[in-house]
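Chemist: Below is one structure. I have some questions about it.
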Amino acid sequence: MLNRNKKGIVIPGLLFILFILTLCSCYTIGEGERGVLLRYGKIVKITEPGLGFKIPLIEKISKISIQNHSMVFKNIQSYSRDQQPATLSVSVNFHVPVSDIRRLYISYLTLDDLKERLIARRIPAQVEMIFGQHTAISAVQNRQEMIKELQSALQKTITGPVIIDSVQIEDISFSADYENSIEDRMKAEVAIATHKQNLETAKIEAQIAVTQARALAESRLVAARAEAESITLKGAAEAGVIRLRVEALQKNPELVHLTAAERWDGKLPETMVPGGSVPFVTIK
């Protein structure tokens, strides 16, 4: 009975221990991460996503994310090249390459340590340096250019198991007085640009008016020349007709009487002017 009782206790206990050990030997790695398999603290291999097995109590797994991460740095105090104080807010996007997982673990153990010891210490200094190379007004007007310079500087400065994907300057805050002066300056620049545009428009309209007036004058000149040529031609024609008539009369003096007779309606005048003659009656 005692042996049976012992077996009834030991066997379930062994099965339970075996079940626990089996659970402890399994692990899973997600698609957005990689596992560092350690045996007595030494890196054995970098595991891929999926189900894996390790030796319980001897090996352990440390997971490291390879997804894109973002860090936001607020209230970075800096001065522009023209000595204007400003408060900047900057965000940095980065990821850890798969090929650098081993290097990351050896140097920093975890991703959080990498953020704190490598990235967070570089950002404020680089922001102050790049912002200090720009005047306050150029930092506002040429923000994209400053962002490119900051991203390039961070990619050169942050050397380690990490890749800086992008940088954004979320906000630049100046003092209230300076922001008002910037606003007034920008309004003045807009007004000047509008005035220049109006002047260009007026100039173009004047050129159009001159062109139209010139075209109208030229058209009138052409019309006048045409009219003058028409009158000249008409006069020349009438002169030719008169010349022909004169020549005809000179050759035939009786043509006058013939023309008058053709146009006479056959009635004699009712009144006579003293000393006048009856038409078409020639008395020798």
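In the structure tokens, the first chain shown is A, the next is B, and so on; residue numbers restart at 1 for each chain, and ligands run from 1 in the order shown.
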Quick one: residues within 7 Å of Leu51 in chain A, only C-alpha atoms, excluding same-chain residues fewer than 2 positions away - as a short mmCIF file (atom, residue, chain, number, x, y, z; two decimals) with all heavy atoms, in the first residue's frame?

Modeler:
```cif
data_model
loop_
_atom_site.label_atom_id
_atom_site.label_comp_id
_atom_site.auth_asym_id
_atom_site.auth_seq_id
_atom_site.Cartn_x
_atom_site.Cartn_y
_atom_site.Cartn_z
N TYR A 27 9.45 28.94 -26.78
CA TYR A 27 9.34 30.40 -26.88
C TYR A 27 8.88 30.76 -28.29
O TYR A 27 9.04 29.97 -29.23
CB TYR A 27 10.67 31.09 -26.55
CG TYR A 27 11.79 30.79 -27.52
CD1 TYR A 27 11.97 31.53 -28.68
CD2 TYR A 27 12.67 29.74 -27.26
CE1 TYR A 27 12.98 31.26 -29.56
CE2 TYR A 27 13.68 29.44 -28.15
CZ TYR A 27 13.85 30.21 -29.30
OH TYR A 27 14.85 29.93 -30.18
N THR A 28 8.30 31.93 -28.43
CA THR A 28 7.86 32.43 -29.75
C THR A 28 8.43 33.81 -29.99
O THR A 28 8.54 34.64 -29.07
CB THR A 28 6.32 32.50 -29.82
OG1 THR A 28 5.82 33.33 -28.76
CG2 THR A 28 5.71 31.12 -29.71
N ILE A 29 8.79 34.07 -31.25
CA ILE A 29 9.33 35.37 -31.68
C ILE A 29 8.39 35.94 -32.73
O ILE A 29 8.02 35.26 -33.69
CB ILE A 29 10.75 35.22 -32.27
CG1 ILE A 29 11.68 34.57 -31.26
CG2 ILE A 29 11.28 36.57 -32.70
CD1 ILE A 29 11.90 35.38 -30.01
#
```

Chemist: With the cut-off set at 12 Å and counting only C-alpha atoms, tabulate each residue of range 3-121 of chain A with an atom at most that distance from an atom of range 129-141 of chain A, showing the nearest atom pair and its distance in Å to one decimal, ordered by chain and increasing number, as CSV.

Modeler:
```
residue,atom,partner,partner_atom,distance
A:Ile76,CA,A:Phe131,CA,10.7
A:Gln77,CA,A:Phe131,CA,10.1
A:Ser78,CA,A:Phe131,CA,7.1
A:Tyr79,CA,A:Gly132,CA,5.8
A:Ser80,CA,A:Gly132,CA,4.4
A:Arg81,CA,A:Thr135,CA,4.8
A:Asp82,CA,A:Thr135,CA,5.4
A:Gln83,CA,A:Thr135,CA,8.0
A:Gln84,CA,A:Ala136,CA,6.4
A:Pro85,CA,A:Ala136,CA,8.7
A:Ala86,CA,A:Ala136,CA,8.5
A:Thr87,CA,A:Phe131,CA,10.5
A:Leu88,CA,A:Phe131,CA,9.3
A:Ser89,CA,A:Phe131,CA,11.9
A:Val90,CA,A:Phe131,CA,11.7
```

Chemist: Going by DSSP on the backbone, which residues of range 106-280 of chain A come out as alpha helix (DSSP H)? List them as a PyMOL selection string.

Modeler: chain A and resi 106-108+111-114+123-131+136-141+143-157+176-251+255-263

Chemist: Quick one: of A:Val96, A:Ile204, A:Leu104, A:Ala176, who's nearest to Val162 in chain A, counting only C-alpha atoms?

Modeler: A:Val96

Chemist: Might you pull out every residue within 7 Å of range 63-74 of chain A, with only C-alpha atoms counted and same-chain residues fewer than 3 positions away left off, and present them as a PyMOL selection string?

Modeler: chain A and resi 32-36+88-98+110-111

Chemist: Calculate how many Å separate CA of Ser152 in chain A from CA of Glu170 in chain A, rounding to one decimal.

Modeler: 17.2 Å

Chemist: Excluding range 37-46 of chain A and its own-chain neighbours fewer than 6 positions away, which residues fall within 7 Å of it when counting only C-alpha atoms? Please give them as a list of chain:residue names.

Modeler: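 Everything that qualifies: A:Ile58, A:Glu59, A:Lys60, A:Ile61, A:Ser62.
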
Chemist: What's the separation between CA of Ile123 in chain A and CA of Ser166 in chain A, in Å to one decimal place?

Modeler: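 Here the two named atoms are 12.7 Å from each other.
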
Chemist: In Å, how far is it from CA of Thr47 in chain A to CA of Cys26 in chain A?

Modeler: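 Going from CA of Thr47 in chain A over to CA of Cys26 in chain A covers 12.7 Å.
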